[in-house]
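What follows is a set of notes on a single structure, which appears directly below.
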Amino acid sequence: MEVTMALFITKRLLMALATVLVVAVLAFLLVHAMPGSPGAVSLGAGASQDAIDQLNQQLGWNDPLFAQFFHWLGEAVQGNLGASLIDGRSISADLADRLPVTASLAAGATVLSAVLGIALGVTAAVRGGLLDQVIGGFVGLLVALPAFWVGVLFVYLFAVQSSVFPATGYVPFEVSPQDWALSLALPVITLAVGGAAFIARQTRASMLEALQQEHIRTLRATATPTWKILYVHALRYASLPIVAGIALQFIGLFGGSVIAEQLFAMPGLGQAVQTSVSTHDAPAVQGVVVIATVVVVAVNLVLELATKFLDPKLRAS
Amino acid sequence: MIPTVAPTRADQTERTTAAAANARSAGKAAIAKFSRHRLLTSPGAVTGIVWLAALVIASLTAPLWLPFKTEDQDFTAVLSGPTAAHWLGTDELGRDILSRIFAAAAGTLGTSLLTVIVGVALGTVLAMLSAGAGERTEGAISRGTEIMMSLPGTVIILAVIGAVGTNIPVVMAILGILMSAGIYRVILGQAKSLQSQLYVDAAKVDGSSPLGISVRHVLPGLANTIVVQAALIFAVGMLIQAGLAFIGFGPPIPQPSWGGMIQGASQHVYDAPWMMVPTGAVLALTVLSANAIGNALGKAPNASAPHLPSAAARRQRAKAVAAIASAAPSDRSAKAHEAKGTLSVRNLSVGVDSAGPGKGVPLVTDVSFDVQPGTVLGLVGESGCGKTMTALSLLGLLPSGVSVTGGQILWNGKNLAATTDKDMEAVRGREIALISQEPMRALDPMFTVGYQLNATLRRLRGMGRAEARNEARNLLEKVGIVDAERILKTYPHQISGGMAQRVAIALALSGRPRLLVADEPTTALDVTVQAEILSLLRALVKDTGMSVVMVTHDLGVVADICDQVAVMYAGQVVENGRTEKILDNPRHPYTLALLAADPHANHAHAMPERLASISGQVPQPKDWPSGCRFAARCQFAGSACTDPVPLLPSGTGEGLVRCVKADQLAVEGMDWLATDVPASQVLGIAPKQATIIGKDLA
Ligand code: SF4
């Protein structure tokens, strides 16, 4: 049993590594397809062709692609993602500052989506009837509402009409935990609206499927109290697909934070992608894509191991 | 659980088509078929289709009717709300919002369609390739899609925009590639099951090329799933596209886009909040429409009923129970049956609830039987005869949407049919227990055998932890498990089917019940294990003095263990009596036919050369005739058989029989004639087995 689990973890780790590597290559190629050489981007419009050529030479732009990639990879594994073409800042340092913002956002939104979504989904499945239909309709509406539109609505309701929350900006945790939480509230809720709807659907379907299993009838035939059938046995059975759904949702929310960061002016990774793409800052784009992938893949790995741990078939075989 | 009530959609369409062809009005049938199509029965989907169609037409004809050009600026009405001139108001430059919404629609819908086409096509092709080309290829493709699915897609799309610029069609096509992984996942399972169908094998044998097979046999089966996915992806594509435009990666300015317009509006949420409304509503409605279409098409047509009904369904049932209780005030004349451990079912009817599909259809009608303590009653018949429904009603465990509609179930003189679900909890497990057909599925896969037994013992017998653990081991030993200690620690998937059935029996015994309801307890097991389980049950009856209601289609089981038999056909008891009387001297043609088809049941008879069969199938409950329900398949049917047939004494002991010709047949001593049964059916390889044949031969 130890062996299978160890083998499984090793396999998954290798897959995760492969994923990151594939993305690194992809990001490298994309960045090379960007219009304009790094010299041109860095020196701006007024620069002479000679100066541009010289800087390109210096940055290794004219080296063979392979050499460039492996040079970048060698530096990257040591934590050095190069310097921004625009302001010369260390990309690693910049992203290290930004990661906590996006991580708080995505993690907060995932947790909130999971809590709300599971509550809604379980209620719909367990109560049935009219309540199920009402929740179904509500959830269907939430899935269709664009996150950015919901965000603006929240700004209007909570920041403009009643200034409960700050409309924009981010306060680091170290500065003031309370303000940190307040500054995160609106973006997190904005992102969680769609996420909760998705998880609610997944939960409802999984609960219903669990309740269709024949062992539920055995439990009833042995006079198991209803609450125990629902919240111990059925929920336990449904937990596998629900956790898988949450893992999938994290990826989506991590991406969705680009929009939330833009809307609420938060200095996170999403903002970094957006600015570096607009300014053609090639190494910055490359760095942020790879970092985002590493985070997403790592979180997924953890959640997947959690699902496997929940599954006695894998745990005990 | 109730396939007999709600025939699959395919069935319905087949039947309608056939009927229509007879009437030579295939056109009409097509219309009828279409009007009952899932899309058109869902109000949401109909609204969705209408909205999308209107949007497409409106945006394509926009230049003809739009009141303003998208760039017309009306400085007299900047940031205005809805007015007569500007129905949906204007933006910060005084541009007409209505005009801009519809001018942007075509591009938004078109490029989202591009995502759909690329994503769905790629996903489908990959899935069909995986399904058709062996495990290696499948492994490689699946690995690849797993990687794709665990990527932060939004970030990658932004990087793509960095490379190709805001060239929306290209960006949306690449988005399609990223999304194809998810579509592949959804389609793969179905493609694989289609690929393993018999007719696909046949096509392979015929030498069709793999490509030909995929296109001709697999693709059509995937059509519905593909359309569902397309609709859902379309919605996601629109949302992502609008999101990109919102953060400044939309079509080049000044071209209008929905996301860009919402972005513009968000700048004026302080001074002109109205601006948010029209564009947001149109975008949301369009996404809703696509989702509604996808959901309507994707709805599983035959979801099975939950074993624990929802709270709403339980309230419904409580009402039905109350109705039964008031309709049948406790029968004082039933005093005689109040002896401990006596079950007496009187005129029991079970039917589909009046709400939902197949409303009001009866499944079991007027069923009566008695079970004395320490005896075994067999409920026999083909599937679809209402045996299981009858058995489950004894525990109040009928599936959702089905309930007792009349009659009484007297247990120790108490009418269980009129007992609330809450009060049934005192009966279930403690007095009446259940074992079912598939022991593996009857045990909770997430908990160990030990946990399940301990929890049940503590609940039903009020035992403490240690005591329960001891008793669990005793119980397992009692049902013939030697290494009980080890089995207690295992999960259900780690033990064999026979072992699981023993565990399930131990679980059923843990409340020391007086009646065991056994629903085909040996059907899913190997032949040798079947015999062991039957002898275990026989021993338990002898040792504990409990009684058993045994549901089975196997007359061998009946001969082996039952004292009494009730033969059921199409929801009715057609013959009952003592086992040996019925097996030796069947009076009902259906019993006769069952026996003729299963020569092993009666050891006295020699194996015949040809097996008899019963042509046709048990009729669907909604097709039951008012006369004899067996008439359509009966070799002795005559004109008298079209009137309702009462259950009358059969002349053999206390037995009853429901056949107008029973006496005549008894006198003439007729046999159920063997008809030629094609070898394929005897071997059980025919696609639809409509006849009963000797199982042991197969
Ligand atoms: S009543 Fe008629 S049709 Fe029915 S079983 Fe008897 S002979 Fe056959």
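A note on labels: chains of the structure tokens are A, B, ... as shown, every chain counts residues from 1, and ligands are counted from 1 in their shown order.
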
Using only C-alpha atoms and all ligand atoms, I'd like a table of the residues in chain B that come within 6 Å of ligand 1; for each, show the closest atom pair and its distance in Å rounded to one decimal, ordered by chain and ascending number, as CSV.
```
residue,atom,partner,partner_atom_place_in_ligand_line,distance
B:Pro589,CA,ligand 1,5 (S),5.1
B:Cys628,CA,ligand 1,4 (Fe),4.6
B:Phe630,CA,ligand 1,4 (Fe),5.1
B:Ala631,CA,ligand 1,3 (S),3.5
B:Cys634,CA,ligand 1,8 (Fe),4.7
B:Phe636,CA,ligand 1,7 (S),4.7
B:Ala637,CA,ligand 1,3 (S),3.8
B:Gly638,CA,ligand 1,2 (Fe),5.9
B:Cys641,CA,ligand 1,2 (Fe),4.2
B:Cys659,CA,ligand 1,6 (Fe),3.7
B:Val660,CA,ligand 1,1 (S),4.5
B:Lys661,CA,ligand 1,7 (S),5.0
```

Do me a favour and pick out the residues of chain A within 7 Å of chain B, using only C-alpha atoms, as a PyMOL selection string. chain A and resi 19+30-31+33-35+125-129+141+144-146+148-149+152+156+160+208+211-212+214-218+221-223+237+251+255+259+262+277-278+280+285+289+292-293+296-297+312

Could you dump the residues just selected with C-alpha atoms as a PDB file, in the first residue's frame?
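Once written, again_3.pdb looks like this:
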```
ATOM      1  CA  THR A  19       3.830  20.683 -17.129  1.00  0.00           C
ATOM      2  CA  LEU A  30       5.735  33.152 -27.378  1.00  0.00           C
ATOM      3  CA  VAL A  31       7.991  35.798 -26.033  1.00  0.00           C
ATOM      4  CA  ALA A  33       7.320  35.826 -31.306  1.00  0.00           C
ATOM      5  CA  MET A  34       6.562  39.195 -29.726  1.00  0.00           C
ATOM      6  CA  PRO A  35       6.967  42.132 -32.034  1.00  0.00           C
ATOM      7  CA  ALA A 125     -29.847  18.350  -3.398  1.00  0.00           C
ATOM      8  CA  VAL A 126     -31.095  17.588   0.097  1.00  0.00           C
ATOM      9  CA  ARG A 127     -34.140  19.839   0.263  1.00  0.00           C
ATOM     10  CA  GLY A 128     -35.334  19.335  -3.308  1.00  0.00           C
ATOM     11  CA  GLY A 129     -38.623  20.701  -4.588  1.00  0.00           C
ATOM     12  CA  LEU A 141     -27.773  33.314 -13.311  1.00  0.00           C
ATOM     13  CA  ALA A 144     -23.763  33.693 -16.652  1.00  0.00           C
ATOM     14  CA  LEU A 145     -22.818  36.999 -15.016  1.00  0.00           C
ATOM     15  CA  PRO A 146     -19.378  38.208 -16.030  1.00  0.00           C
ATOM     16  CA  PHE A 148     -16.009  42.109 -13.995  1.00  0.00           C
ATOM     17  CA  TRP A 149     -19.593  43.272 -14.259  1.00  0.00           C
ATOM     18  CA  VAL A 152     -18.383  46.946 -10.790  1.00  0.00           C
ATOM     19  CA  TYR A 156     -21.277  50.675  -6.853  1.00  0.00           C
ATOM     20  CA  VAL A 160     -20.070  54.195  -3.800  1.00  0.00           C
ATOM     21  CA  LEU A 208     -27.588  13.464  -6.045  1.00  0.00           C
ATOM     22  CA  LEU A 211     -27.912   9.485  -2.974  1.00  0.00           C
ATOM     23  CA  GLN A 212     -28.642   7.243  -5.954  1.00  0.00           C
ATOM     24  CA  GLU A 214     -27.565   1.509  -3.482  1.00  0.00           C
ATOM     25  CA  HIS A 215     -25.699   1.593  -0.183  1.00  0.00           C
ATOM     26  CA  ILE A 216     -27.874   4.553   0.799  1.00  0.00           C
ATOM     27  CA  ARG A 217     -30.808   2.150   0.763  1.00  0.00           C
ATOM     28  CA  THR A 218     -28.891  -0.261   2.982  1.00  0.00           C
ATOM     29  CA  ALA A 221     -32.844  -0.257   5.873  1.00  0.00           C
ATOM     30  CA  THR A 222     -30.720  -0.308   9.020  1.00  0.00           C
ATOM     31  CA  ALA A 223     -32.487   2.764  10.431  1.00  0.00           C
ATOM     32  CA  TYR A 237     -19.074   9.778  -1.153  1.00  0.00           C
ATOM     33  CA  ILE A 251      -7.089  27.425 -11.757  1.00  0.00           C
ATOM     34  CA  GLY A 255      -6.704  33.415 -13.964  1.00  0.00           C
ATOM     35  CA  ILE A 259      -9.619  40.946 -13.998  1.00  0.00           C
ATOM     36  CA  GLN A 262      -7.380  45.411 -12.822  1.00  0.00           C
ATOM     37  CA  VAL A 277       2.095  42.322 -22.207  1.00  0.00           C
ATOM     38  CA  SER A 278       1.045  45.879 -23.053  1.00  0.00           C
ATOM     39  CA  HIS A 280       6.142  44.079 -24.677  1.00  0.00           C
ATOM     40  CA  VAL A 285       5.900  38.025 -19.460  1.00  0.00           C
ATOM     41  CA  VAL A 289       3.695  32.894 -16.979  1.00  0.00           C
ATOM     42  CA  ALA A 292       1.735  31.419 -12.361  1.00  0.00           C
ATOM     43  CA  THR A 293       2.032  27.907 -13.765  1.00  0.00           C
ATOM     44  CA  VAL A 296      -1.331  26.542 -10.104  1.00  0.00           C
ATOM     45  CA  VAL A 297       0.346  23.199 -10.686  1.00  0.00           C
ATOM     46  CA  PRO A 312     -10.167   4.274   0.079  1.00  0.00           C
TER      47      PRO A 312
END
```

Nearest to A:Val41, restricted to only C-alpha atoms and choosing among A:Leu112, A:Val143, A:Ala96, A:Leu85, comes out as A:Leu85

Practice item. Enumerate as a PyMOL selection string all residues of stretch 116-302 of chain A assigned to helix (DSSP H, G or I) by DSSP on the backbone, naming them with the chain letters and numbers the document uses. Key: chain A and resi 116-127+129-144+147-161+177-211+214-221+226-263+269-278+282-302
